[in-house]
$ cat data13.csv   # CSV, C-alpha atoms and all ligand atoms
chain,number,residue,atom,x,y,z
A,29,MET,CA,2.8,-105.5,78.8
A,30,ASN,CA,4.8,-102.5,79.9
A,31,LEU,CA,4.3,-100.8,83.3
A,32,ARG,CA,1.9,-97.9,83.3
A,33,ASN,CA,3.5,-94.6,82.6
A,34,LYS,CA,3.7,-92.5,85.8
A,35,THR,CA,1.5,-89.4,85.6
A,36,HIS,CA,0.1,-86.8,87.9
A,37,ARG,CA,-3.4,-87.7,89.3
A,38,VAL,CA,-6.5,-85.6,88.9
A,39,HIS,CA,-10.1,-86.3,90.0
A,40,ILE,CA,-13.1,-86.1,87.7
A,41,GLY,CA,-16.1,-86.2,90.0
A,42,GLY,CA,-15.2,-89.1,92.3
A,43,ILE,CA,-13.1,-90.8,89.6
A,44,PRO,CA,-9.3,-90.7,89.8
A,45,VAL,CA,-7.4,-90.3,86.5
A,46,GLY,CA,-3.7,-90.7,86.2
A,47,GLY,CA,-1.1,-91.8,88.8
A,48,GLY,CA,-1.8,-95.5,88.2
A,49,ALA,CA,-5.6,-95.2,88.6
A,50,PRO,CA,-7.7,-97.7,86.4
A,51,ILE,CA,-8.1,-96.4,82.9
A,52,SER,CA,-11.4,-94.8,82.6
A,53,ILE,CA,-13.8,-94.8,79.6
A,54,GLN,CA,-15.3,-91.6,78.3
A,55,SER,CA,-17.8,-90.9,75.6
A,56,MET,CA,-19.7,-87.9,74.4
A,57,THR,CA,-23.4,-87.4,73.9
A,58,SER,CA,-24.8,-86.9,70.4
A,59,THR,CA,-27.9,-85.1,71.6
A,60,TYR,CA,-28.5,-81.3,71.8
A,61,THR,CA,-27.4,-80.6,75.4
A,62,TYR,CA,-30.3,-78.2,75.9
A,63,ASP,CA,-32.7,-81.1,75.3
A,64,ILE,CA,-32.4,-82.3,78.9
A,65,ASP,CA,-34.5,-85.4,78.7
A,66,ASP,CA,-32.8,-86.7,75.6
A,67,THR,CA,-29.3,-85.9,77.0
A,68,VAL,CA,-30.0,-87.5,80.4
A,69,ALA,CA,-31.5,-90.6,78.7
A,70,GLN,CA,-28.3,-91.0,76.6
A,71,ILE,CA,-26.0,-90.4,79.5
A,72,ARG,CA,-27.9,-93.2,81.4
A,73,ARG,CA,-27.5,-95.6,78.5
A,74,LEU,CA,-23.8,-94.8,78.3
A,75,ALA,CA,-23.3,-95.3,82.0
A,76,GLU,CA,-25.2,-98.6,81.9
A,77,ALA,CA,-22.9,-99.7,79.1
A,78,GLY,CA,-19.8,-99.1,81.2
A,79,CYS,CA,-19.0,-95.4,80.5
A,80,ASP,CA,-17.3,-93.8,83.5
A,81,MET,CA,-17.8,-90.2,82.5
A,82,VAL,CA,-19.6,-88.3,79.8
A,83,ARG,CA,-18.8,-85.2,77.8
A,84,VAL,CA,-21.5,-82.9,76.6
A,85,ALA,CA,-21.1,-80.0,74.1
A,86,VAL,CA,-22.1,-76.6,75.3
A,87,PRO,CA,-22.0,-74.3,72.2
A,88,ASN,CA,-24.8,-72.0,73.4
A,89,LYS,CA,-26.0,-70.5,76.7
A,90,LYS,CA,-29.2,-72.6,76.5
A,91,ASP,CA,-26.8,-75.6,76.8
A,92,THR,CA,-25.1,-74.5,79.9
A,93,GLU,CA,-28.5,-73.5,81.4
A,94,ALA,CA,-29.5,-77.2,81.0
A,95,LEU,CA,-26.4,-78.4,82.9
A,96,LYS,CA,-27.7,-78.1,86.4
A,97,SER,CA,-30.7,-80.3,85.7
A,98,ILE,CA,-28.5,-82.8,83.7
A,99,LEU,CA,-26.0,-83.0,86.6
A,100,ASP,CA,-28.8,-83.6,89.1
A,101,GLN,CA,-29.9,-86.6,87.1
A,102,SER,CA,-26.6,-88.0,85.8
A,103,PRO,CA,-25.2,-91.2,87.4
A,104,VAL,CA,-21.7,-90.3,86.2
A,105,PRO,CA,-19.4,-87.2,86.2
A,106,ILE,CA,-20.1,-84.7,83.4
A,107,ILE,CA,-17.5,-82.9,81.3
A,108,ALA,CA,-18.3,-79.7,79.4
A,109,ASP,CA,-16.8,-79.4,75.9
A,110,VAL,CA,-16.0,-75.7,75.3
A,111,HIS,CA,-14.9,-74.1,72.0
A,112,PHE,CA,-14.5,-70.4,71.3
A,113,HIS,CA,-16.6,-68.9,74.1
A,114,PHE,CA,-14.9,-68.8,77.5
A,115,GLU,CA,-18.3,-67.6,79.0
A,116,ARG,CA,-19.6,-71.2,78.3
A,117,ALA,CA,-16.8,-72.6,80.4
A,118,ILE,CA,-17.5,-70.2,83.3
A,119,GLU,CA,-21.2,-71.0,83.1
A,120,ALA,CA,-20.5,-74.8,83.0
A,121,ILE,CA,-18.2,-74.5,86.0
A,122,GLU,CA,-20.8,-72.6,88.0
A,123,ALA,CA,-23.4,-75.2,87.1
A,124,GLY,CA,-21.1,-77.8,88.8
A,125,VAL,CA,-19.5,-79.8,85.9
A,126,HIS,CA,-16.7,-82.1,86.9
A,127,LYS,CA,-14.2,-81.1,84.2
A,128,ILE,CA,-13.8,-78.7,81.3
A,129,ARG,CA,-12.4,-79.5,77.9
A,130,LEU,CA,-10.8,-76.4,76.5
A,131,ASN,CA,-8.6,-75.5,73.6
A,132,PRO,CA,-6.7,-72.3,74.6
A,133,GLY,CA,-5.9,-71.9,70.9
A,134,ASN,CA,-9.5,-71.1,70.0
A,135,ILE,CA,-10.0,-68.6,72.9
A,136,LYS,CA,-8.5,-65.4,71.7
A,137,ASP,CA,-7.9,-63.4,74.9
A,138,ARG,CA,-5.3,-64.8,77.3
A,139,SER,CA,-7.1,-63.1,80.2
A,140,GLN,CA,-10.2,-65.2,79.4
A,141,VAL,CA,-8.3,-68.4,79.7
A,142,ASP,CA,-6.9,-67.1,83.0
A,143,ARG,CA,-10.5,-66.6,84.2
A,144,VAL,CA,-11.5,-70.1,83.3
A,145,ILE,CA,-8.4,-71.5,85.1
A,146,ALA,CA,-9.2,-69.4,88.2
A,147,ALA,CA,-12.8,-70.7,88.2
A,148,CYS,CA,-11.6,-74.3,87.9
A,149,ARG,CA,-9.2,-73.9,90.7
A,150,GLU,CA,-11.9,-72.5,92.9
A,151,ARG,CA,-14.1,-75.5,92.3
A,152,GLY,CA,-11.2,-78.0,92.3
A,153,ILE,CA,-11.9,-79.4,88.8
A,154,PRO,CA,-9.4,-80.3,86.1
A,155,ILE,CA,-9.2,-79.1,82.6
A,156,ARG,CA,-8.4,-81.1,79.5
A,157,VAL,CA,-6.2,-79.3,77.1
A,158,GLY,CA,-6.0,-80.8,73.6
A,159,VAL,CA,-4.4,-80.4,70.3
A,160,ASN,CA,-5.8,-81.9,67.1
A,161,GLU,CA,-3.7,-82.6,64.1
A,162,GLY,CA,-6.3,-80.8,61.9
A,163,SER,CA,-6.1,-77.5,63.7
A,164,VAL,CA,-2.5,-77.4,64.9
A,165,VAL,CA,-1.1,-75.4,62.0
A,166,GLU,CA,-1.4,-71.7,62.4
A,167,ARG,CA,-4.5,-70.2,60.7
A,168,GLN,CA,-4.3,-66.4,61.3
A,169,ASP,CA,-0.6,-65.5,60.7
A,170,LYS,CA,0.0,-66.3,57.0
A,171,GLY,CA,3.8,-66.1,57.3
A,172,ARG,CA,3.9,-68.5,60.2
A,173,ARG,CA,1.4,-70.8,58.5
A,174,ALA,CA,3.6,-71.0,55.4
A,175,ALA,CA,6.7,-71.7,57.4
A,176,GLN,CA,5.0,-74.4,59.4
A,177,LYS,CA,3.6,-76.0,56.3
A,178,ALA,CA,7.0,-76.0,54.6
A,179,ASP,CA,8.5,-77.6,57.7
A,180,ILE,CA,5.9,-80.3,57.8
A,181,ALA,CA,6.4,-81.1,54.1
A,182,ASN,CA,10.0,-82.0,54.9
A,183,ASP,CA,9.0,-84.9,57.1
A,184,PRO,CA,5.3,-84.9,57.6
A,185,ARG,CA,4.8,-87.3,60.4
A,186,ALA,CA,7.7,-86.3,62.6
A,187,ARG,CA,7.3,-82.6,62.1
A,188,LEU,CA,3.5,-82.7,62.7
A,189,VAL,CA,4.1,-84.5,65.9
A,190,ALA,CA,6.8,-82.0,66.9
A,191,LEU,CA,4.4,-79.2,66.2
A,192,MET,CA,1.6,-80.8,68.3
A,193,ILE,CA,4.1,-81.1,71.2
A,194,GLU,CA,5.3,-77.5,70.7
A,195,THR,CA,1.7,-76.3,70.7
A,196,LEU,CA,0.9,-78.1,73.9
A,197,GLU,CA,4.0,-76.6,75.5
A,198,ASP,CA,2.7,-73.2,74.5
A,199,TYR,CA,-0.7,-73.9,76.0
A,200,LEU,CA,0.8,-75.4,79.2
A,201,ARG,CA,2.9,-72.3,79.8
A,202,ILE,CA,-0.4,-70.5,80.5
A,203,PHE,CA,-1.4,-73.1,83.1
A,204,ASP,CA,2.1,-73.1,84.7
A,205,GLU,CA,2.0,-69.3,84.9
A,206,ASN,CA,-1.3,-69.7,86.8
A,207,ASP,CA,0.3,-72.4,89.0
A,208,PHE,CA,-2.6,-74.8,87.8
A,209,HIS,CA,-1.6,-78.4,87.3
A,210,ASP,CA,-4.8,-80.4,87.3
A,211,VAL,CA,-4.5,-80.8,83.5
A,212,VAL,CA,-5.2,-83.7,81.3
A,213,LEU,CA,-3.7,-83.8,77.8
A,214,SER,CA,-4.9,-85.1,74.4
A,215,LEU,CA,-3.2,-85.1,71.0
A,216,LYS,CA,-5.7,-86.4,68.5
A,217,SER,CA,-5.4,-87.2,64.8
A,218,ILE,CA,-7.3,-89.2,62.2
A,219,ASP,CA,-4.1,-91.1,61.4
A,220,ALA,CA,-3.3,-94.0,63.7
A,221,THR,CA,0.5,-93.7,63.2
A,222,ILE,CA,0.4,-90.0,64.2
A,223,VAL,CA,-1.7,-90.8,67.3
A,224,ILE,CA,0.8,-93.4,68.4
A,225,ASP,CA,3.8,-91.1,67.8
A,226,ALA,CA,2.2,-88.1,69.3
A,227,TYR,CA,1.1,-89.8,72.6
A,228,ARG,CA,4.5,-91.5,72.9
A,229,ALA,CA,6.2,-88.1,72.5
A,230,ALA,CA,3.8,-86.6,75.1
A,231,ALA,CA,4.4,-89.4,77.5
A,232,GLU,CA,8.1,-88.7,77.3
A,233,ARG,CA,7.8,-85.0,77.6
A,234,PHE,CA,5.0,-84.4,80.2
A,235,ASP,CA,4.0,-86.1,83.4
A,236,LEU,CA,0.3,-85.1,83.1
A,237,PRO,CA,-2.4,-87.7,82.6
A,238,LEU,CA,-3.2,-88.5,79.0
A,239,HIS,CA,-6.6,-88.8,77.4
A,240,LEU,CA,-6.2,-91.2,74.5
A,241,GLY,CA,-8.3,-90.7,71.3
A,242,LEU,CA,-8.2,-91.0,67.6
A,243,THR,CA,-10.5,-88.4,66.1
A,244,HIS,CA,-13.0,-88.6,63.3
A,245,ALA,CA,-12.6,-92.3,62.9
A,246,GLY,CA,-15.8,-92.7,60.9
A,247,PRO,CA,-18.4,-95.4,61.5
A,248,PRO,CA,-17.4,-98.5,63.6
A,249,GLU,CA,-17.0,-100.6,60.5
A,250,THR,CA,-14.2,-98.4,59.2
A,251,GLY,CA,-13.0,-96.7,62.3
A,252,ARG,CA,-12.7,-99.7,64.6
A,253,ILE,CA,-9.4,-101.0,63.3
A,254,ARG,CA,-7.7,-97.6,63.3
A,255,SER,CA,-8.9,-96.8,66.8
A,256,ILE,CA,-8.0,-100.1,68.3
A,257,ALA,CA,-4.6,-100.3,66.5
A,258,SER,CA,-3.5,-96.9,67.8
A,259,LEU,CA,-5.1,-96.9,71.3
A,260,GLY,CA,-4.3,-100.6,71.8
A,261,THR,CA,-0.6,-100.0,71.0
A,262,LEU,CA,-0.4,-97.1,73.4
A,263,LEU,CA,-2.2,-98.9,76.2
A,264,ALA,CA,0.0,-102.0,75.7
A,265,CYS,CA,3.0,-99.7,76.1
A,266,GLY,CA,1.6,-98.4,79.4
A,267,ILE,CA,0.5,-95.1,78.0
A,268,GLY,CA,-2.9,-93.6,78.6
A,269,ASP,CA,-5.0,-92.8,81.7
A,270,THR,CA,-8.5,-92.2,80.2
A,271,MET,CA,-9.8,-92.9,76.7
A,272,ARG,CA,-12.5,-92.2,74.2
A,273,ILE,CA,-13.0,-94.2,71.1
A,274,SER,CA,-15.1,-91.9,68.8
A,275,TYR,CA,-17.3,-93.2,66.1
A,276,ALA,CA,-19.9,-91.7,63.8
A,277,SER,CA,-22.7,-93.9,65.3
A,278,ASP,CA,-24.6,-94.5,68.5
A,279,PRO,CA,-22.0,-93.6,71.2
A,280,ILE,CA,-22.8,-96.8,73.0
A,281,ASP,CA,-20.7,-98.5,70.3
A,282,GLU,CA,-17.7,-96.5,71.5
A,283,VAL,CA,-18.1,-97.7,75.1
A,284,HIS,CA,-18.6,-101.3,74.1
A,285,ASP,CA,-15.4,-101.3,72.1
A,286,ALA,CA,-13.4,-99.3,74.7
A,287,LYS,CA,-14.5,-101.8,77.3
A,288,GLU,CA,-13.6,-104.8,75.2
A,289,LEU,CA,-10.2,-103.3,74.4
A,290,LEU,CA,-9.4,-102.7,78.1
A,291,CYS,CA,-10.6,-106.2,79.0
A,292,SER,CA,-8.6,-107.8,76.2
A,293,LEU,CA,-5.4,-106.1,77.5
A,294,ALA,CA,-6.2,-107.1,81.0
A,295,LEU,CA,-6.5,-103.5,82.0
A,296,ARG,CA,-10.0,-103.9,83.3
A,297,PRO,CA,-11.6,-107.0,84.8
A,298,ARG,CA,-14.5,-108.5,82.9
A,299,VAL,CA,-17.9,-108.2,84.4
A,300,GLU,CA,-19.8,-109.9,81.6
A,301,PRO,CA,-19.5,-113.2,79.8
A,302,GLU,CA,-16.6,-113.6,77.3
A,303,LEU,CA,-17.5,-115.4,74.1
A,304,ILE,CA,-14.9,-117.3,72.1
A,305,ALA,CA,-15.9,-119.0,68.9
A,306,CYS,CA,-14.2,-120.8,66.1
A,307,PRO,CA,-13.9,-119.0,62.8
A,308,THR,CA,-15.4,-122.0,61.0
A,309,CYS,CA,-13.8,-123.9,58.1
A,310,GLY,CA,-14.5,-126.7,55.7
A,311,ARG,CA,-15.2,-129.1,58.5
A,312,ILE,CA,-18.2,-127.2,59.7
A,313,GLU,CA,-21.6,-129.0,59.6
A,314,ILE,CA,-23.9,-126.5,61.2
A,315,ASP,CA,-24.7,-122.8,60.7
A,316,LEU,CA,-22.2,-121.7,63.4
A,317,ILE,CA,-22.2,-118.0,62.5
A,318,LYS,CA,-25.9,-117.9,63.2
A,319,LEU,CA,-25.5,-119.9,66.4
A,320,VAL,CA,-22.7,-117.6,67.7
A,321,ALA,CA,-24.8,-114.5,67.0
A,322,GLU,CA,-27.7,-116.0,68.9
A,323,VAL,CA,-25.5,-117.1,71.8
A,324,ARG,CA,-24.0,-113.6,72.0
A,325,GLN,CA,-27.4,-112.1,72.3
A,326,LYS,CA,-28.6,-114.5,75.0
A,327,LEU,CA,-25.4,-114.1,77.1
A,328,ALA,CA,-26.2,-110.3,77.4
A,329,SER,CA,-28.6,-111.1,80.2
A,330,ILE,CA,-25.8,-112.8,82.3
A,331,LYS,CA,-23.8,-110.5,84.5
A,332,THR,CA,-21.1,-112.9,85.5
A,333,PRO,CA,-17.8,-113.1,83.5
A,334,VAL,CA,-18.3,-116.7,82.4
A,335,LYS,CA,-16.0,-117.8,79.5
A,336,VAL,CA,-18.1,-119.4,76.9
A,337,ALA,CA,-16.8,-121.3,73.8
A,338,VAL,CA,-18.8,-122.2,70.7
A,339,MET,CA,-16.8,-124.6,68.5
A,340,GLY,CA,-17.7,-125.9,65.1
A,341,CYS,CA,-16.3,-129.4,65.4
A,342,VAL,CA,-14.5,-131.9,67.7
A,343,VAL,CA,-11.3,-132.0,65.7
A,344,ASN,CA,-9.6,-128.8,67.0
A,345,GLY,CA,-12.5,-127.4,69.0
A,346,PRO,CA,-11.5,-128.8,72.5
A,347,GLY,CA,-8.0,-127.4,72.3
A,348,GLU,CA,-9.2,-124.0,71.1
A,349,ALA,CA,-11.8,-123.9,73.8
A,350,GLU,CA,-9.1,-124.5,76.5
A,351,GLY,CA,-9.9,-122.5,79.6
A,352,ALA,CA,-13.6,-122.0,78.7
A,353,ASP,CA,-16.1,-122.5,81.6
A,354,VAL,CA,-18.9,-123.6,79.3
A,355,ALA,CA,-18.3,-124.9,75.8
A,356,VAL,CA,-20.3,-126.5,73.1
A,357,PHE,CA,-18.7,-128.6,70.3
A,358,ALA,CA,-21.2,-128.6,67.4
A,359,GLY,CA,-21.3,-131.5,64.9
A,360,LYS,CA,-23.8,-132.7,62.4
A,361,GLY,CA,-27.2,-132.6,64.0
A,362,ARG,CA,-26.0,-132.4,67.6
A,363,GLY,CA,-23.8,-130.6,70.1
A,364,ILE,CA,-21.8,-131.8,73.0
A,365,ILE,CA,-21.8,-129.4,76.0
A,366,TYR,CA,-19.0,-129.3,78.5
A,367,VAL,CA,-18.9,-127.4,81.8
A,368,GLN,CA,-15.3,-126.8,83.1
A,369,GLY,CA,-14.1,-129.7,81.1
A,370,GLU,CA,-16.7,-132.2,82.1
A,371,GLN,CA,-19.3,-133.4,79.6
A,372,THR,CA,-22.8,-132.5,80.8
A,373,ARG,CA,-25.0,-133.3,77.9
A,374,THR,CA,-25.4,-134.1,74.2
A,375,VAL,CA,-28.3,-132.2,72.6
A,376,LYS,CA,-29.9,-132.0,69.2
A,377,GLU,CA,-28.9,-129.1,66.9
A,378,ASP,CA,-32.2,-127.3,67.5
A,379,GLU,CA,-31.8,-127.5,71.3
A,380,MET,CA,-28.2,-126.4,71.3
A,381,LEU,CA,-28.8,-122.7,71.9
A,382,ASP,CA,-31.2,-123.1,74.8
A,383,ALA,CA,-29.2,-125.9,76.4
A,384,LEU,CA,-25.9,-123.9,76.2
A,385,TYR,CA,-27.6,-120.9,77.7
A,386,GLU,CA,-29.2,-123.0,80.5
A,387,GLU,CA,-25.7,-124.4,81.4
A,388,CYS,CA,-24.3,-120.9,81.4
A,389,VAL,CA,-27.0,-119.6,83.7
A,390,ILE,CA,-26.6,-122.6,86.1
A,391,PHE,CA,-22.8,-122.1,86.1
A,392,ALA,CA,-23.1,-118.4,86.7
A,393,GLU,CA,-25.4,-119.0,89.6
A,394,ARG,CA,-22.9,-121.5,91.1
A,395,VAL,CA,-20.1,-118.9,90.7
A,396,GLU,CA,-22.3,-116.3,92.5
A,397,ARG,CA,-22.9,-118.7,95.3
A,398,GLY,CA,-19.2,-119.3,95.6
A,399,GLU,CA,-19.5,-123.0,94.8
A,400,VAL,CA,-17.1,-122.8,91.8
A,401,GLU,CA,-14.4,-120.5,90.5
A,402,LEU,CA,-14.3,-119.1,87.1
A,403,THR,CA,-11.8,-120.7,84.6
A,404,SER,CA,-10.6,-123.0,87.4
A,405,ALA,CA,-10.6,-126.1,85.2
A,406,LYS,CA,-9.2,-126.4,81.7
A,407,VAL,CA,-10.1,-128.6,78.8
A,408,ASN,CA,-7.0,-130.5,77.7
A,409,ILE,CA,-6.7,-132.7,74.6
A,410,VAL,CA,-5.5,-136.2,75.2
A,411,PRO,CA,-3.2,-136.9,72.3
A,412,PRO,CA,-3.7,-138.0,69.6
A,413,ALA,CA,-6.3,-135.5,68.3
A,414,PRO,CA,-9.6,-136.4,69.8
A,415,LEU,CA,-12.4,-138.0,67.9
A,416,PRO,CA,-15.8,-138.8,69.3
A,417,ARG,CA,-16.3,-142.1,71.0
A,418,GLU,CA,-19.2,-144.3,70.0
A,419,ASP,CA,-21.4,-142.9,72.7
A,420,GLY,CA,-20.6,-139.4,71.4
A,421,SER,CA,-18.3,-138.3,74.2
A,422,ILE,CA,-14.9,-136.8,73.5
A,423,PRO,CA,-11.7,-138.1,75.1
A,424,LEU,CA,-10.8,-135.0,77.2
A,425,THR,CA,-9.1,-134.7,80.5
A,426,VAL,CA,-9.7,-132.0,83.0
A,427,VAL,CA,-6.6,-130.1,84.4
A,428,ARG,CA,-7.2,-128.4,87.7
A,501,LIG,S1,-13.2,-125.8,65.5
A,501,LIG,FE1,-13.4,-127.2,63.8
A,501,LIG,S2,-14.8,-126.2,62.4
A,501,LIG,FE2,-14.1,-124.6,63.8
A,501,LIG,S3,-12.3,-123.7,62.7
A,501,LIG,FE3,-11.5,-125.3,64.0
A,501,LIG,S4,-11.4,-127.2,62.8
A,501,LIG,FE4,-12.8,-125.7,61.7
$ encode --input "data13.csv" --output "structure tokens"
Amino acid sequence: MNLRNKTHRVHIGGIPVGGGAPISIQSMTSTYTYDIDDTVAQIRRLAEAGCDMVRVAVPNKKDTEALKSILDQSPVPIIADVHFHFERAIEAIEAGVHKIRLNPGNIKDRSQVDRVIAACRERGIPIRVGVNEGSVVERQDKGRRAAQKADIANDPRARLVALMIETLEDYLRIFDENDFHDVVLSLKSIDATIVIDAYRAAAERFDLPLHLGLTHAGPPETGRIRSIASLGTLLACGIGDTMRISYASDPIDEVHDAKELLCSLALRPRVEPELIACPTCGRIEIDLIKLVAEVRQKLASIKTPVKVAVMGCVVNGPGEAEGADVAVFAGKGRGIIYVQGEQTRTVKEDEMLDALYEECVIFAERVERGEVELTSAKVNIVPPAPLPREDGSIPLTVVR
């Protein structure tokens, strides 16, 4: 993993973004912001799922009028998403939001942008300035539009990324002229390769914190790979200070995937159990896919990052479960459960789920009492490949 890219630090509510601060997770409500109860309920669900800050759309005055009450009830900082109407930005700032998302390109009058910047300076809140691939080409000036399109046609990816950077430079000139530097940048696209190239170029060009995102990814089923491929690549290169994965679904899905991505890249410590499971193969003798789904559901009630392995056989299972705190090796009609490498019980197939869960709960309680450390013992295969002994136990050793 590369070192984190060095960026300027801003604060969103109490949360630092940039300058090496932990990468924060954002999402956006899908409710009508003026519906205060619905919006607050969704913000609370997002916060509970691990979202650090939440953006809300404020297209109309009735939305900004709801902000005061939403802010009073929100457990996390709130960002107002403003398009076209600078008045909404001013109203949101006066209501006390913790950040504004603004695209200077869709606010016609420069003096209006200046007024928003002045209001943010007065309240000490940052502004996210973004460009989207879909709207970066000039729309009003036909001559300029034709020239840009011809340029892009020569080398679509490179020229589009260059145009995104040039557009951001134009926007940032306004902020520089106002001597305002608490700015977060985003450069979104629906294309994972453009997202990667655009953020890489921005990381080289600017020292402002970067809000990572791939836009309009679609539902999780189709958007997950594109989102994780692009954002994961950038994060692994040390690029990115805050992020939003955006899906056409319940925004909770975005937070779950963002959290898993950060945990998988060791950019955020796990606070919940980690489940590893074998992919199954021709050796499988139980319905492991069903068992894994049930285990996953049960583990949701445990709030300790226990590493749990569900393996389909004893041939490769122990090796693949190396490092798990609690593991089950399922065979025909029975399962053998190990806790930090030591066999604790052999149970019938229909008892496997409850027994595994029980062992996980007991282990988590021991961790919480400080009696045992997570992943402090490893399952290690004794060569040759292990087969069950007559009493059902597996020849494993514990490496501490
Ligand atoms: S653990 Fe066993 S059943 Fe699962 S994939 Fe490996 S060899 Fe196949």
$ closest_residue --input "data13.csv" --among "A:Glu401, A:Asp315, A:Glu122, A:Glu300" --to "ligand LIG 501 (chain A)" --atoms "only C-alpha atoms and all ligand atoms"
A:Asp315
$ closest_residue --input "data13.csv" --among "A:Phe234, A:Phe208, A:Phe203, A:Tyr275" --to "Ser55 of chain A" --atoms "only C-alpha atoms"
A:Tyr275
$ atom_distance --input "data13.csv" --atom1 "atom CA of Val82 of chain A" --atom2 "atom CA of Pro237 of chain A"
17.4 Å
$ atom_distance --input "data13.csv" --atom1 "atom CA of Met56 of chain A" --atom2 "atom CA of Arg252 of chain A"
16.9 Å
$ atom_distance --input "data13.csv" --atom1 "atom CA of Val338 of chain A" --atom2 "atom CA of Gln368 of chain A"
13.7 Å
$ residues_around --input "data13.csv" --residues "His126 of chain A" --least-positions-apart "6" --cutoff "10 Å" --atoms "all atoms listed in the file" --output "list of chain:residue names"
A:His39, A:Ile40, A:Gly41, A:Gly42, A:Ile43, A:Met81, A:Val82, A:Arg83, A:Leu99, A:Val104, A:Pro105, A:Ile106, A:Ile107, A:Ala108, A:Ala120, A:Cys148, A:Arg151, A:Gly152, A:Ile153, A:Pro154, A:Ile155
$ closest_residue --input "data13.csv" --among "A:Ser277, A:Thr332, A:Ser217, A:Ser97" --to "Gly162 of chain A" --atoms "all atoms listed in the file"
A:Ser217
$ closest_residue --input "data13.csv" --among "A:Asp63, A:Asp179, A:Glu150, A:Glu313" --to "Ala85 of chain A" --atoms "all atoms listed in the file"
A:Asp63
$ closest_residue --input "data13.csv" --among "A:Gly241, A:Val86, A:Glu205, A:Gly78" --to "Val125 of chain A" --atoms "all atoms listed in the file"
A:Val86
$ residues_around --input "data13.csv" --residues "Val336 of chain A" --least-positions-apart "3" --cutoff "10 Å" --atoms "all atoms listed in the file" --output "VMD selection string"
chain A and resid 301 to 305 323 to 324 327 333 339 349 351 to 356 367 384 to 385 388
$ closest_residue --input "data13.csv" --among "A:Ser329, A:Thr270, A:Thr403, A:Thr308" --to "ligand LIG 501 (chain A)" --atoms "all atoms listed in the file"
A:Thr308
$ residues_around --input "data13.csv" --residues "His239 of chain A" --least-positions-apart "4" --cutoff "9 Å" --atoms "only C-alpha atoms" --output "list in words"
Arg156, Gly158, Val212, Leu213, Ser214, Leu215, Gly268, Asp269, Thr270, Met271 and Arg272 of chain A
$ residues_around --input "data13.csv" --residues "Arg254 of chain A" --least-positions-apart "5" --cutoff "12 Å" --atoms "only C-alpha atoms" --output "mmCIF file with C-alpha atoms, keeping the file's coordinate frame"
data_model
loop_
_atom_site.group_PDB
_atom_site.id
_atom_site.type_symbol
_atom_site.label_atom_id
_atom_site.label_comp_id
_atom_site.auth_asym_id
_atom_site.auth_seq_id
_atom_site.Cartn_x
_atom_site.Cartn_y
_atom_site.Cartn_z
ATOM 1 C CA SER A 217 -5.400 -87.200 64.800
ATOM 2 C CA ILE A 218 -7.300 -89.200 62.200
ATOM 3 C CA ASP A 219 -4.100 -91.100 61.400
ATOM 4 C CA ALA A 220 -3.300 -94.000 63.700
ATOM 5 C CA THR A 221 0.500 -93.700 63.200
ATOM 6 C CA ILE A 222 0.400 -90.000 64.200
ATOM 7 C CA VAL A 223 -1.700 -90.800 67.300
ATOM 8 C CA ILE A 224 0.800 -93.400 68.400
ATOM 9 C CA GLY A 241 -8.300 -90.700 71.300
ATOM 10 C CA LEU A 242 -8.200 -91.000 67.600
ATOM 11 C CA THR A 243 -10.500 -88.400 66.100
ATOM 12 C CA HIS A 244 -13.000 -88.600 63.300
ATOM 13 C CA ALA A 245 -12.600 -92.300 62.900
ATOM 14 C CA GLY A 246 -15.800 -92.700 60.900
ATOM 15 C CA PRO A 247 -18.400 -95.400 61.500
ATOM 16 C CA PRO A 248 -17.400 -98.500 63.600
ATOM 17 C CA GLU A 249 -17.000 -100.600 60.500
ATOM 18 C CA LEU A 259 -5.100 -96.900 71.300
ATOM 19 C CA GLY A 260 -4.300 -100.600 71.800
ATOM 20 C CA THR A 261 -0.600 -100.000 71.000
ATOM 21 C CA ILE A 273 -13.000 -94.200 71.100
ATOM 22 C CA SER A 274 -15.100 -91.900 68.800
ATOM 23 C CA TYR A 275 -17.300 -93.200 66.100
#
$ residues_around --input "data13.csv" --residues "Asp91 of chain A" --least-positions-apart "5" --cutoff "12 Å" --atoms "only C-alpha atoms" --output "PyMOL selection string"
chain A and resi 59-64+67+84-86+96-98+108-110+115-117+119-120+123
$ decode --input "data13.csv" --residues "segment 87-99 of chain A" --atoms "C-alpha atoms" --output "PDB file, in the first residue's frame"
ATOM      1  CA  PRO A  87     -33.643  21.960  -4.248  1.00  0.00           C
ATOM      2  CA  ASN A  88     -36.351  24.167  -2.715  1.00  0.00           C
ATOM      3  CA  LYS A  89     -36.818  26.655   0.097  1.00  0.00           C
ATOM      4  CA  LYS A  90     -38.994  24.198   2.015  1.00  0.00           C
ATOM      5  CA  ASP A  91     -35.944  21.886   2.112  1.00  0.00           C
ATOM      6  CA  THR A  92     -33.613  24.478   3.617  1.00  0.00           C
ATOM      7  CA  GLU A  93     -36.394  25.429   6.055  1.00  0.00           C
ATOM      8  CA  ALA A  94     -36.335  21.833   7.339  1.00  0.00           C
ATOM      9  CA  LEU A  95     -32.572  21.880   7.933  1.00  0.00           C
ATOM     10  CA  LYS A  96     -32.606  23.463  11.391  1.00  0.00           C
ATOM     11  CA  SER A  97     -34.783  20.693  12.792  1.00  0.00           C
ATOM     12  CA  ILE A  98     -32.820  17.990  10.922  1.00  0.00           C
ATOM     13  CA  LEU A  99     -29.541  19.356  12.269  1.00  0.00           C
TER      14      LEU A  99
END
